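Visitor: File follows, query-v6.csv with CSV, C-alpha atoms:
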```csv
chain,number,residue,atom,x,y,z
C,18,MET,CA,-35.7,3.2,4.5
C,19,LEU,CA,-35.8,7.0,3.9
C,20,HIS,CA,-32.9,7.3,6.2
C,21,ASP,CA,-30.9,4.7,4.2
C,22,ASN,CA,-31.7,6.5,1.0
C,23,LYS,CA,-30.6,9.8,2.4
C,24,SER,CA,-27.3,8.3,3.6
C,25,ASN,CA,-26.7,6.8,0.2
C,26,VAL,CA,-27.3,10.1,-1.5
C,27,ILE,CA,-24.8,11.8,0.9
C,28,VAL,CA,-22.2,9.1,0.2
C,29,HIS,CA,-22.7,9.4,-3.5
C,30,ASN,CA,-22.4,13.2,-3.4
C,31,ASN,CA,-19.2,13.0,-1.3
C,32,VAL,CA,-17.7,10.6,-3.8
C,33,MET,CA,-18.6,12.9,-6.7
C,34,GLU,CA,-17.0,15.9,-4.9
C,35,MET,CA,-13.8,13.9,-4.4
C,36,GLU,CA,-13.7,12.8,-8.0
C,37,MET,CA,-14.2,16.4,-9.2
C,38,LYS,CA,-11.4,17.6,-6.9
C,39,LEU,CA,-9.1,14.9,-8.3
C,40,LEU,CA,-10.1,15.9,-11.9
C,41,ASP,CA,-9.3,19.6,-11.1
C,42,ASP,CA,-5.9,18.6,-9.7
C,43,PHE,CA,-5.3,16.6,-12.9
C,44,VAL,CA,-6.2,19.6,-15.1
C,45,LYS,CA,-4.0,22.0,-13.1
C,46,TYR,CA,-1.0,19.6,-13.0
C,47,VAL,CA,-1.0,18.6,-16.7
C,48,SER,CA,-1.7,22.2,-17.8
C,49,ASP,CA,1.3,23.4,-15.7
C,50,LEU,CA,3.5,20.6,-17.0
C,51,THR,CA,2.7,21.0,-20.7
C,52,GLY,CA,1.9,24.7,-20.9
C,53,ASN,CA,-1.4,23.8,-22.7
C,54,THR,CA,-4.8,24.0,-21.0
C,55,VAL,CA,-6.6,20.7,-20.7
C,56,HIS,CA,-10.4,20.6,-21.1
C,57,PRO,CA,-11.9,17.3,-20.0
C,58,GLU,CA,-15.3,16.4,-21.2
C,59,GLU,CA,-17.5,13.7,-19.6
C,60,LEU,CA,-17.8,10.6,-21.8
C,61,SER,CA,-21.1,10.4,-23.7
C,62,GLN,CA,-23.7,8.0,-22.5
C,63,GLU,CA,-23.7,6.3,-25.9
C,64,LYS,CA,-20.0,5.4,-25.5
C,65,LYS,CA,-20.5,4.5,-21.8
C,66,ASP,CA,-23.1,1.9,-23.0
C,67,ARG,CA,-20.4,0.2,-25.1
C,68,LEU,CA,-18.3,-0.5,-22.0
C,69,PRO,CA,-18.8,-3.0,-19.2
C,70,ILE,CA,-21.2,-1.4,-16.7
C,71,PHE,CA,-18.8,-1.8,-13.8
C,72,LEU,CA,-16.3,0.6,-15.4
C,73,SER,CA,-18.8,3.5,-15.4
C,74,ARG,CA,-19.9,2.6,-11.9
C,75,SER,CA,-16.3,2.4,-10.5
C,76,TYR,CA,-14.8,5.4,-12.4
C,77,SER,CA,-15.7,8.9,-13.5
C,78,LEU,CA,-15.0,8.7,-17.3
C,79,HIS,CA,-13.8,11.8,-19.2
C,80,ARG,CA,-12.1,12.4,-22.5
C,81,ALA,CA,-9.2,14.9,-22.8
C,82,SER,CA,-6.7,16.0,-25.3
C,83,ILE,CA,-3.1,16.2,-24.1
C,84,MET,CA,-0.5,17.7,-26.5
C,85,GLY,CA,-2.7,16.8,-29.5
C,86,ARG,CA,-3.4,13.2,-28.4
C,87,GLY,CA,-6.8,12.0,-27.1
C,88,TYR,CA,-7.1,10.0,-23.9
C,89,LEU,CA,-10.0,8.5,-21.9
C,90,LEU,CA,-9.5,9.4,-18.2
C,91,LEU,CA,-10.6,6.9,-15.5
C,92,ILE,CA,-10.9,9.0,-12.4
C,93,HIS,CA,-10.4,6.8,-9.3
C,94,GLU,CA,-10.9,8.4,-5.9
C,95,HIS,CA,-13.1,6.0,-4.0
C,96,GLY,CA,-12.6,2.4,-3.0
C,97,ASP,CA,-9.8,-0.1,-3.8
C,98,GLU,CA,-7.4,0.8,-6.6
C,99,PRO,CA,-7.2,-1.9,-9.3
C,100,THR,CA,-4.3,-4.3,-9.4
C,101,PRO,CA,-1.9,-3.7,-12.2
C,102,ALA,CA,-3.1,-6.8,-14.0
C,103,LYS,CA,-6.7,-5.6,-13.8
C,104,ALA,CA,-5.8,-2.1,-14.9
C,105,ALA,CA,-4.1,-3.6,-18.0
C,106,THR,CA,-7.2,-5.6,-18.7
C,107,TYR,CA,-9.5,-2.6,-18.3
C,108,ALA,CA,-7.3,-0.5,-20.6
C,109,GLU,CA,-7.4,-3.3,-23.3
C,110,THR,CA,-11.2,-3.5,-22.9
C,111,ILE,CA,-11.5,0.3,-23.5
C,112,ARG,CA,-9.1,0.1,-26.5
C,113,ASP,CA,-11.1,-2.7,-28.1
C,114,ALA,CA,-14.5,-1.1,-27.5
C,115,LEU,CA,-13.8,2.6,-28.1
C,116,ARG,CA,-10.4,2.7,-29.8
C,117,GLU,CA,-9.4,5.0,-26.9
C,118,GLN,CA,-6.2,5.0,-24.9
C,119,ALA,CA,-7.1,4.7,-21.2
C,120,VAL,CA,-5.3,6.8,-18.5
C,121,PHE,CA,-5.9,6.0,-14.8
C,122,VAL,CA,-5.9,9.1,-12.5
C,123,PHE,CA,-5.2,8.3,-8.9
C,124,PRO,CA,-5.0,10.5,-5.8
C,125,GLN,CA,-1.9,8.5,-4.7
C,126,LEU,CA,-0.2,5.3,-5.7
C,127,ASP,CA,1.9,2.7,-3.9
C,128,ALA,CA,5.5,2.4,-5.4
C,129,PHE,CA,5.0,-1.3,-6.1
C,130,VAL,CA,1.8,-0.7,-8.0
C,131,ARG,CA,3.3,2.3,-9.9
C,132,ASP,CA,6.3,0.2,-11.0
C,133,ARG,CA,4.1,-2.6,-12.2
C,134,LEU,CA,1.9,-0.3,-14.2
C,135,ILE,CA,4.9,1.1,-15.9
C,136,LYS,CA,6.2,-2.3,-16.7
C,137,GLN,CA,2.9,-3.3,-18.2
C,138,GLY,CA,2.7,0.0,-20.2
C,139,VAL,CA,-0.5,1.2,-18.5
C,140,PRO,CA,-0.8,5.0,-18.6
C,141,PHE,CA,-1.5,6.7,-15.2
C,142,VAL,CA,-1.3,10.1,-13.5
C,143,VAL,CA,-1.0,11.0,-9.8
C,144,PRO,CA,-1.3,14.8,-9.9
C,145,TYR,CA,1.8,16.6,-8.8
C,146,ARG,CA,3.6,13.3,-8.2
C,147,HIS,CA,3.7,11.0,-11.3
C,148,LEU,CA,2.7,11.0,-14.9
C,149,PHE,CA,3.2,8.1,-17.3
C,150,LEU,CA,2.0,8.4,-20.8
C,151,PRO,CA,4.2,6.0,-22.8
C,152,ILE,CA,3.6,7.8,-26.2
C,153,GLY,CA,3.6,11.3,-24.7
C,154,LEU,CA,5.0,12.4,-21.4
C,155,ILE,CA,6.7,11.0,-18.3
C,156,ASP,CA,7.1,13.0,-15.1
C,157,SER,CA,8.1,11.4,-11.7
C,158,ARG,CA,8.9,13.3,-8.5
C,159,GLU,CA,10.0,11.8,-5.3
C,160,GLN,CA,8.7,14.7,-3.3
C,161,PRO,CA,5.6,16.7,-4.3
C,162,PRO,CA,6.0,20.4,-4.8
C,163,ARG,CA,3.9,23.0,-2.9
C,164,GLY,CA,0.5,23.2,-4.6
C,165,PRO,CA,-3.0,21.8,-4.5
C,166,SER,CA,-1.8,18.3,-3.5
C,167,ALA,CA,1.0,19.3,-1.2
C,168,GLU,CA,-0.8,17.5,1.7
C,169,ARG,CA,0.0,14.1,0.0
C,170,GLN,CA,3.4,13.5,1.5
C,171,SER,CA,5.5,10.3,1.5
C,172,ASN,CA,7.3,10.6,4.8
C,173,ALA,CA,8.1,7.1,6.0
C,174,LEU,CA,6.6,6.0,9.3
C,175,SER,CA,8.8,5.0,12.2
C,176,ALA,CA,9.1,1.4,13.2
C,177,PRO,CA,6.7,1.7,16.2
C,178,ALA,CA,4.1,3.5,14.1
C,179,GLN,CA,4.4,1.0,11.3
C,180,VAL,CA,4.1,-1.9,13.8
C,181,MET,CA,1.0,-0.3,15.4
C,182,LEU,CA,-0.8,0.1,12.1
C,183,LEU,CA,0.1,-3.4,10.8
C,184,TYR,CA,-1.0,-4.9,14.1
C,185,TYR,CA,-4.3,-3.2,13.8
C,186,LEU,CA,-4.8,-4.4,10.2
C,187,LEU,CA,-4.0,-7.9,11.3
C,188,ASN,CA,-6.1,-7.9,14.4
C,189,LEU,CA,-9.0,-5.5,13.5
C,190,SER,CA,-11.7,-7.0,15.8
C,191,ARG,CA,-9.4,-7.3,18.8
C,192,THR,CA,-7.8,-3.9,18.8
C,193,GLU,CA,-10.9,-1.6,18.5
C,194,GLU,CA,-10.5,1.4,20.9
C,195,TRP,CA,-7.4,0.1,22.8
C,196,SER,CA,-5.8,2.6,25.1
C,197,LEU,CA,-2.1,3.7,24.6
C,198,LYS,CA,-1.3,1.6,27.7
C,199,GLN,CA,-2.8,-1.5,26.0
C,200,TRP,CA,-0.9,-0.9,22.8
C,201,SER,CA,2.3,-0.4,24.9
C,202,GLU,CA,1.8,-3.7,26.7
C,203,VAL,CA,1.0,-5.8,23.6
C,204,LEU,CA,3.7,-4.4,21.3
C,205,GLY,CA,6.4,-4.0,23.9
C,206,TYR,CA,7.2,-0.4,23.2
C,207,SER,CA,7.1,2.4,25.9
C,208,GLN,CA,4.0,4.5,26.3
C,209,MET,CA,6.1,7.5,25.1
C,210,SER,CA,7.0,5.6,21.9
C,211,MET,CA,3.3,4.7,21.4
C,212,SER,CA,2.3,8.3,21.9
C,213,ARG,CA,4.7,9.4,19.2
C,214,ALA,CA,3.5,6.6,17.0
C,215,TRP,CA,-0.1,7.5,17.1
C,216,ARG,CA,0.7,11.1,16.5
C,217,GLU,CA,2.6,10.1,13.3
C,218,LEU,CA,-0.4,8.0,12.2
C,219,ALA,CA,-2.8,10.9,13.0
C,220,SER,CA,-0.7,13.2,10.9
C,221,HIS,CA,-1.5,11.0,7.9
C,222,ASP,CA,-5.2,10.6,8.9
C,223,LEU,CA,-4.6,6.9,9.7
C,224,CYS,CA,-5.6,7.1,13.4
C,225,ALA,CA,-7.4,9.3,15.8
C,226,GLY,CA,-7.3,9.7,19.6
C,227,LYS,CA,-10.0,10.3,22.2
C,228,ASN,CA,-9.7,11.0,25.9
C,229,ARG,CA,-11.6,8.6,28.1
C,230,GLY,CA,-11.0,9.5,31.7
C,231,ARG,CA,-7.2,9.5,32.2
C,232,SER,CA,-6.7,7.2,29.2
C,233,LEU,CA,-6.2,8.0,25.5
C,234,VAL,CA,-8.1,5.6,23.3
C,235,LEU,CA,-7.1,5.1,19.7
C,236,ARG,CA,-9.5,4.7,16.9
C,237,PHE,CA,-8.5,3.5,13.4
C,238,PRO,CA,-10.6,3.6,10.2
C,239,LYS,CA,-12.8,0.5,9.8
C,240,GLN,CA,-12.1,0.1,6.0
C,241,SER,CA,-8.9,-1.9,6.3
C,242,ARG,CA,-8.1,-2.3,2.6
C,243,GLU,CA,-8.6,1.4,2.0
C,244,THR,CA,-6.5,2.2,5.1
C,245,TRP,CA,-3.7,-0.1,3.7
C,246,ASN,CA,-3.8,1.6,0.3
C,247,ARG,CA,-3.6,5.1,1.9
C,248,ALA,CA,-0.8,4.1,4.3
C,249,SER,CA,1.3,2.2,1.7
C,250,PRO,CA,3.4,5.1,0.5
C,251,HIS,CA,4.5,5.8,4.1
C,252,LEU,CA,5.4,2.1,5.0
C,253,GLN,CA,9.0,1.0,5.0
C,254,ASN,CA,10.7,-2.2,3.9
C,255,PRO,CA,11.2,-3.8,7.3
C,256,VAL,CA,14.5,-5.5,6.2
C,257,ARG,CA,17.7,-3.8,7.2
C,258,HIS,CA,20.2,-6.4,6.0
C,259,ARG,CA,20.3,-9.9,4.5
C,260,ILE,CA,23.1,-12.1,5.7
C,261,SER,CA,24.3,-15.6,5.0
C,262,ALA,CA,24.6,-17.5,8.3
C,263,THR,CA,25.0,-20.8,10.0
C,264,ILE,CA,22.6,-21.1,12.9
C,265,GLY,CA,23.3,-23.1,16.1
C,266,ASP,CA,20.3,-22.1,18.3
C,267,THR,CA,17.2,-21.2,16.3
C,268,ASP,CA,15.1,-20.6,19.5
C,269,TYR,CA,17.4,-17.9,20.8
C,270,LEU,CA,17.0,-15.9,17.6
C,271,HIS,CA,13.2,-16.0,17.6
C,272,LEU,CA,13.2,-16.7,13.9
C,273,ARG,CA,10.3,-16.4,11.6
C,274,LYS,CA,10.3,-17.7,8.0
C,275,SER,CA,10.5,-14.8,5.6
C,276,GLY,CA,11.4,-13.9,2.0
C,277,LEU,CA,10.7,-16.5,-0.7
C,278,THR,CA,10.5,-19.2,2.0
C,279,ALA,CA,7.4,-17.5,3.5
C,280,LEU,CA,6.0,-16.4,0.1
C,281,ALA,CA,6.1,-20.0,-1.1
C,282,GLU,CA,3.9,-21.1,1.8
C,283,ARG,CA,1.2,-18.6,0.8
C,284,THR,CA,1.5,-18.8,-3.0
C,285,LEU,CA,2.6,-21.2,-5.8
C,286,ILE,CA,6.1,-19.6,-6.2
C,287,SER,CA,9.2,-21.7,-5.5
C,288,SER,CA,10.9,-21.2,-2.2
C,289,GLY,CA,14.4,-21.0,-3.7
C,290,ASP,CA,17.5,-23.0,-2.7
C,291,ARG,CA,18.0,-21.7,0.8
C,292,VAL,CA,15.7,-21.0,3.6
C,293,THR,CA,15.2,-17.4,4.6
C,294,TYR,CA,14.4,-16.2,8.2
C,295,ALA,CA,13.7,-12.9,9.8
C,296,THR,CA,14.6,-11.6,13.2
C,297,ALA,CA,15.1,-8.4,15.1
C,298,LEU,CA,18.6,-6.8,14.7
C,299,ALA,CA,19.1,-6.9,18.5
C,300,ASN,CA,18.4,-10.7,18.5
C,301,TRP,CA,21.0,-11.2,15.7
C,302,LYS,CA,23.7,-9.2,17.5
C,303,ALA,CA,23.1,-11.1,20.7
C,304,ALA,CA,23.3,-14.4,18.9
C,305,ILE,CA,26.6,-13.5,17.3
C,306,ASP,CA,28.0,-12.4,20.7
C,307,LYS,CA,27.0,-15.7,22.3
C,308,GLU,CA,28.2,-17.7,19.3
C,309,TYR,CA,24.7,-19.1,18.6
C,310,ALA,CA,25.1,-18.0,15.0
C,311,ARG,CA,27.9,-17.0,12.7
C,312,LYS,CA,28.2,-15.4,9.3
C,313,ALA,CA,28.8,-17.8,6.4
C,314,SER,CA,30.0,-17.5,2.8
C,315,ARG,CA,27.3,-16.8,0.3
C,316,ALA,CA,28.7,-19.8,-1.6
C,317,ASP,CA,27.9,-22.1,1.4
C,318,GLU,CA,24.6,-23.8,0.2
C,319,SER,CA,24.0,-25.2,3.7
C,320,SER,CA,23.7,-21.8,5.2
C,321,ALA,CA,20.5,-19.8,5.7
C,322,ILE,CA,19.6,-16.3,4.8
C,323,ILE,CA,19.0,-14.1,7.8
C,324,GLU,CA,17.1,-10.9,7.4
C,325,THR,CA,17.5,-8.4,10.3
C,326,TRP,CA,14.4,-6.3,10.6
C,327,ARG,CA,13.7,-2.8,11.8
C,328,TYR,CA,11.2,-4.3,14.2
C,329,ASP,CA,10.9,-7.7,15.8
C,330,PRO,CA,8.7,-9.8,13.3
C,331,ALA,CA,7.5,-11.9,16.2
C,332,ILE,CA,5.4,-9.0,17.4
C,333,LEU,CA,3.1,-9.3,14.4
C,334,SER,CA,3.2,-13.1,14.2
C,335,PRO,CA,3.5,-14.3,17.8
C,336,GLU,CA,2.0,-17.7,17.2
C,337,GLU,CA,3.2,-18.3,13.7
C,338,GLU,CA,6.3,-19.8,12.2
C,339,SER,CA,6.3,-17.2,9.4
C,340,VAL,CA,6.2,-13.4,9.2
C,341,ASP,CA,2.9,-11.7,8.8
C,342,PRO,CA,1.7,-11.3,5.2
C,343,LEU,CA,1.7,-7.5,5.2
C,344,SER,CA,5.3,-7.2,6.4
C,345,LEU,CA,6.2,-9.9,3.9
C,346,PHE,CA,4.6,-7.9,1.1
C,347,LEU,CA,6.6,-4.8,2.2
C,348,SER,CA,9.8,-6.8,2.3
C,349,LEU,CA,9.5,-7.9,-1.3
C,350,ARG,CA,7.5,-5.2,-3.1
C,351,ASP,CA,10.6,-3.6,-4.7
C,352,ASP,CA,12.0,-6.9,-6.0
C,353,PRO,CA,12.2,-6.7,-9.8
C,354,ASP,CA,11.3,-10.4,-10.4
C,355,GLU,CA,8.0,-10.6,-12.3
C,356,ARG,CA,7.1,-13.9,-10.6
C,357,ILE,CA,7.6,-12.5,-7.2
C,358,GLN,CA,5.4,-9.5,-8.0
C,359,GLY,CA,2.7,-11.7,-9.4
C,360,SER,CA,2.7,-13.8,-6.2
C,361,LEU,CA,2.6,-10.7,-4.0
C,362,GLU,CA,-0.5,-9.5,-5.9
C,363,ASP,CA,-2.2,-12.9,-5.4
C,364,MET,CA,-1.3,-12.9,-1.7
C,365,ILE,CA,-2.5,-9.3,-1.0
C,366,ASP,CA,-5.7,-9.9,-2.9
C,367,ARG,CA,-6.5,-13.0,-0.9
C,368,PHE,CA,-5.7,-11.3,2.4
C,369,SER,CA,-8.8,-11.2,4.7
C,370,TRP,CA,-9.5,-7.5,4.5
C,371,GLN,CA,-12.3,-6.3,6.8
C,372,MET,CA,-14.7,-3.5,6.7
```
As a first step, turn the structure in this file into structure tokens.
Guide:
Amino acid sequence: MLHDNKSNVIVHNNVMEMEMKLLDDFVKYVSDLTGNTVHPEELSQEKKDRLPIFLSRSYSLHRASIMGRGYLLLIHEHGDEPTPAKAATYAETIRDALREQAVFVFPQLDAFVRDRLIKQGVPFVVPYRHLFLPIGLIDSREQPPRGPSAERQSNALSAPAQVMLLYYLLNLSRTEEWSLKQWSEVLGYSQMSMSRAWRELASHDLCAGKNRGRSLVLRFPKQSRETWNRASPHLQNPVRHRISATIGDTDYLHLRKSGLTALAERTLISSGDRVTYATALANWKAAIDKEYARKASRADESSAIIETWRYDPAILSPEEESVDPLSLFLSLRDDPDERIQGSLEDMIDRFSWQM
């Protein structure tokens, strides 16, 4: 019991240190941006008691004045970030209870979540990357400058690295401590490609390698949702092109349902007028050459929509008729349709994240 208590204290202290580091980054960033020094003050206990207890447990709460306006900062460094809908609800709760404007402060933020927060008018700050204060300031940078948060980069992962990470998240219990050779055999990439892939992931603290005899064994973080959140800025949309096509031989193309067709199977959204399939670009080119498929007019309602992907979707869903949910999310996360974004949120929240 004493050991457990000591471990809990260590974890708590680590979280507090991360939150203070994030708050320091916030102060330096906003002060540099506005030219005015920001002096956050911890929210008083009397005001904390007027809020739902989970807010003070989940966030470090501070008040700060930015260019003459007062804000309540919710410092979020540990655990899952809130969905945009939940963040909007939290902000409304704070406004009703304290008459304060809430501002979420994150160490990093997925592009999809960022866009949804902006659409819902929820203020947020990612130091040295993004600042959205609807009544005050807006600052958005595609690449972070050199500075305290320069290590947070958004370099996109290559297709093999992305496939390796997604396969791990989809098969957590099976893939623990696989060697590079095992990864190569299962994913169908060369060991050289797998070696480059794990080095990419390691550069983003998403994977580590350990020598065991002559083999290199890979180890991933066990907190799958946290890993997904950290990796999201580096993950690419797998779709290269969308093509209207008439298909003669579906087996040859190794098709998987994708797009709205696949999303409709996992949520309540409509599947649309035409079925959408995904396949590897090489499969599509070979099918065209052998005349197993041909391009069709977009006006042809009997045609299907074919998505050619950066990687073969069958790798991540070998026994399924549809693409895997994580790749599906990435393929649609930039779609401006509010209904699609709501359905994606539902799907990702219901995904079986493992610890």
Visitor: Tell me, as JSON, numbers by chain, which residues lie within 10 Å of Leu91 of chain C, counting only C-alpha atoms; anything in the same chain fewer than 2 positions away does not count.
Guide: {"C": [40, 72, 73, 75, 76, 77, 78, 79, 80, 88, 89, 93, 94, 107, 108, 119, 120, 121, 122, 123, 141]}
Visitor: Atom CA of Met84 of chain C and atom CA of Lys45 of chain C, how far apart in Å?
Guide: 14.5 Å
Visitor: List as an MDAnalysis selection string the protein and nucleic acid residues near Ala176 of chain C, meaning an atom at most 8 Å away when all atoms listed in the file are counted, but skip any in the same chain fewer than 2 places from it.
Guide: chainID C and resid 174 178:180 327:328
Visitor: Could you pull the residues within 7 Å of segment 233-237 of chain C, counting only C-alpha atoms, minus those fewer than 4 positions along the same chain, as a list in words?
Guide: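 The filter keeps Glu193, Glu194, Trp195, Ser196, Leu197, Leu223, Cys224, Ala225, Gly226, Lys227, Asn228 and Arg229 of chain C.
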Visitor: Skipping near chain neighbours, those fewer than 4 positions away, what residues fall within 9 Å of Asp222 of chain C using only C-alpha atoms, listed as a list in words?
Guide: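 Selected residues are Glu217, Leu218 and Pro238 of chain C.
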Visitor: Take atom CA of Trp370 of chain C and atom CA of Leu343 of chain C and report the distance between them in Å, one decimal.
Guide: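 Going from atom CA of Trp370 of chain C over to atom CA of Leu343 of chain C covers 11.2 Å.
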Visitor: Could you check which of C:Arg273, C:Lys64, C:Arg213, C:Lys307 is closest to Val292 of chain C, using all atoms listed in the file?
Guide: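 For Val292 of chain C, the nearest of the candidates is C:Arg273.
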Visitor: Please measure the separation of atom CA of Glu355 of chain C and atom CA of Pro99 of chain C, giving the value in Å to one decimal.
Guide: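 These two atoms are separated by 17.8 Å.
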Visitor: Of the candidates C:Pro353, C:Pro335, C:Gly205, C:His147, which shows the shortest atom-to-atom distance to Pro124 of chain C, using all atoms listed in the file?
Guide: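 Looking at the shortest contact to Pro124 of chain C, the residue is C:His147.
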Visitor: Quick one: everything within 9 Å of Ile323 of chain C, counting all atoms listed in the file, minus sequence neighbours fewer than 2 positions away in the same chain. Send it as a ChimeraX atom specification.
Guide: /C:258-262,272,275,292-296,301,321,325
Visitor: Could you write those residues out with C-alpha atoms, as a PDB file, keeping the file's coordinate frame?
Guide:
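File written: out_8.pdb
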```pdb
ATOM      1  CA  HIS C 258      20.200  -6.400   6.000  1.00  0.00           C
ATOM      2  CA  ARG C 259      20.300  -9.900   4.500  1.00  0.00           C
ATOM      3  CA  ILE C 260      23.100 -12.100   5.700  1.00  0.00           C
ATOM      4  CA  SER C 261      24.300 -15.600   5.000  1.00  0.00           C
ATOM      5  CA  ALA C 262      24.600 -17.500   8.300  1.00  0.00           C
ATOM      6  CA  LEU C 272      13.200 -16.700  13.900  1.00  0.00           C
ATOM      7  CA  SER C 275      10.500 -14.800   5.600  1.00  0.00           C
ATOM      8  CA  VAL C 292      15.700 -21.000   3.600  1.00  0.00           C
ATOM      9  CA  THR C 293      15.200 -17.400   4.600  1.00  0.00           C
ATOM     10  CA  TYR C 294      14.400 -16.200   8.200  1.00  0.00           C
ATOM     11  CA  ALA C 295      13.700 -12.900   9.800  1.00  0.00           C
ATOM     12  CA  THR C 296      14.600 -11.600  13.200  1.00  0.00           C
ATOM     13  CA  TRP C 301      21.000 -11.200  15.700  1.00  0.00           C
ATOM     14  CA  ALA C 321      20.500 -19.800   5.700  1.00  0.00           C
ATOM     15  CA  THR C 325      17.500  -8.400  10.300  1.00  0.00           C
TER      16      THR C 325
END
```
Visitor: Using all atoms listed in the file, which of the listed residues (C:Val55, C:Ala104, C:Val256, C:Val44) sits closest to Gly87 of chain C?
Guide: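 Selected residue with least distance to Gly87 of chain C: C:Val55.
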Visitor: Taking into account all atoms listed in the file, which residue in the set C:Arg350, C:Arg242, C:Arg216, C:His271 is nearest to Pro177 of chain C?
Guide: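 Of the candidates, the smallest distance to Pro177 of chain C is held by C:Arg216.
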Visitor: Go through C:Phe368, C:Thr110, C:Gln125, C:Thr100 and flag the residue nearest Arg67 of chain C, using only C-alpha atoms for the distances.
Guide: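 Of C:Phe368, C:Thr110, C:Gln125, C:Thr100, the one nearest Arg67 of chain C, counting only C-alpha atoms, is C:Thr110.
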Visitor: Pick from C:Arg283, C:Arg146, C:Lys312, C:Lys239: nearest to Leu126 of chain C, with only C-alpha atoms counted?
Guide: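 Using only C-alpha atoms, Leu126 of chain C sits closest to C:Arg146.
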Visitor: Once you count all atoms listed in the file, which residues end up no further than 12 Å from (-1.5, -14.6, -2.3) in the file's frame, shown as a ChimeraX atom specification?
Guide: /C:279-286,342-343,345-346,356-369
Visitor: Would you mind completing segment 249-260 of chain C so that it carries N, CA, C and O atoms, and writing it out as a PDB file, keeping the file's coordinate frame?
Guide:
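File produced: part03.pdb:
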```pdb
ATOM      1  N   SER C 249       0.198   2.814   2.399  1.00  0.00           N
ATOM      2  CA  SER C 249       1.300   2.200   1.700  1.00  0.00           C
ATOM      3  C   SER C 249       2.468   3.068   1.327  1.00  0.00           C
ATOM      4  O   SER C 249       3.632   2.672   1.484  1.00  0.00           O
ATOM      5  N   PRO C 250       2.220   4.292   0.820  1.00  0.00           N
ATOM      6  CA  PRO C 250       3.400   5.100   0.500  1.00  0.00           C
ATOM      7  C   PRO C 250       4.243   5.507   1.672  1.00  0.00           C
ATOM      8  O   PRO C 250       5.385   5.929   1.492  1.00  0.00           O
ATOM      9  N   HIS C 251       3.720   5.367   2.887  1.00  0.00           N
ATOM     10  CA  HIS C 251       4.500   5.800   4.100  1.00  0.00           C
ATOM     11  C   HIS C 251       5.088   4.554   4.801  1.00  0.00           C
ATOM     12  O   HIS C 251       5.764   4.728   5.813  1.00  0.00           O
ATOM     13  N   LEU C 252       4.862   3.342   4.295  1.00  0.00           N
ATOM     14  CA  LEU C 252       5.400   2.100   5.000  1.00  0.00           C
ATOM     15  C   LEU C 252       6.726   1.747   4.419  1.00  0.00           C
ATOM     16  O   LEU C 252       6.968   1.769   3.219  1.00  0.00           O
ATOM     17  N   GLN C 253       7.623   1.366   5.329  1.00  0.00           N
ATOM     18  CA  GLN C 253       9.000   1.000   5.000  1.00  0.00           C
ATOM     19  C   GLN C 253       9.181  -0.468   4.754  1.00  0.00           C
ATOM     20  O   GLN C 253       8.457  -1.295   5.325  1.00  0.00           O
ATOM     21  N   ASN C 254      10.174  -0.810   3.944  1.00  0.00           N
ATOM     22  CA  ASN C 254      10.700  -2.200   3.900  1.00  0.00           C
ATOM     23  C   ASN C 254      11.227  -2.506   5.271  1.00  0.00           C
ATOM     24  O   ASN C 254      12.114  -1.801   5.751  1.00  0.00           O
ATOM     25  N   PRO C 255      10.728  -3.541   5.940  1.00  0.00           N
ATOM     26  CA  PRO C 255      11.200  -3.800   7.300  1.00  0.00           C
ATOM     27  C   PRO C 255      12.645  -4.373   7.328  1.00  0.00           C
ATOM     28  O   PRO C 255      13.282  -4.375   8.383  1.00  0.00           O
ATOM     29  N   VAL C 256      13.168  -4.822   6.184  1.00  0.00           N
ATOM     30  CA  VAL C 256      14.500  -5.500   6.200  1.00  0.00           C
ATOM     31  C   VAL C 256      15.605  -4.457   6.167  1.00  0.00           C
ATOM     32  O   VAL C 256      15.660  -3.561   5.324  1.00  0.00           O
ATOM     33  N   ARG C 257      16.503  -4.611   7.133  1.00  0.00           N
ATOM     34  CA  ARG C 257      17.700  -3.800   7.200  1.00  0.00           C
ATOM     35  C   ARG C 257      18.825  -4.418   6.344  1.00  0.00           C
ATOM     36  O   ARG C 257      19.425  -3.777   5.484  1.00  0.00           O
ATOM     37  N   HIS C 258      19.117  -5.681   6.644  1.00  0.00           N
ATOM     38  CA  HIS C 258      20.200  -6.400   6.000  1.00  0.00           C
ATOM     39  C   HIS C 258      19.809  -7.843   5.722  1.00  0.00           C
ATOM     40  O   HIS C 258      18.974  -8.403   6.443  1.00  0.00           O
ATOM     41  N   ARG C 259      20.426  -8.447   4.714  1.00  0.00           N
ATOM     42  CA  ARG C 259      20.300  -9.900   4.500  1.00  0.00           C
ATOM     43  C   ARG C 259      21.698 -10.486   4.577  1.00  0.00           C
ATOM     44  O   ARG C 259      22.641 -10.030   3.931  1.00  0.00           O
ATOM     45  N   ILE C 260      21.818 -11.537   5.387  1.00  0.00           N
ATOM     46  CA  ILE C 260      23.100 -12.100   5.700  1.00  0.00           C
ATOM     47  C   ILE C 260      23.086 -13.610   5.576  1.00  0.00           C
ATOM     48  O   ILE C 260      22.122 -14.264   6.002  1.00  0.00           O
TER      49      ILE C 260
END
```
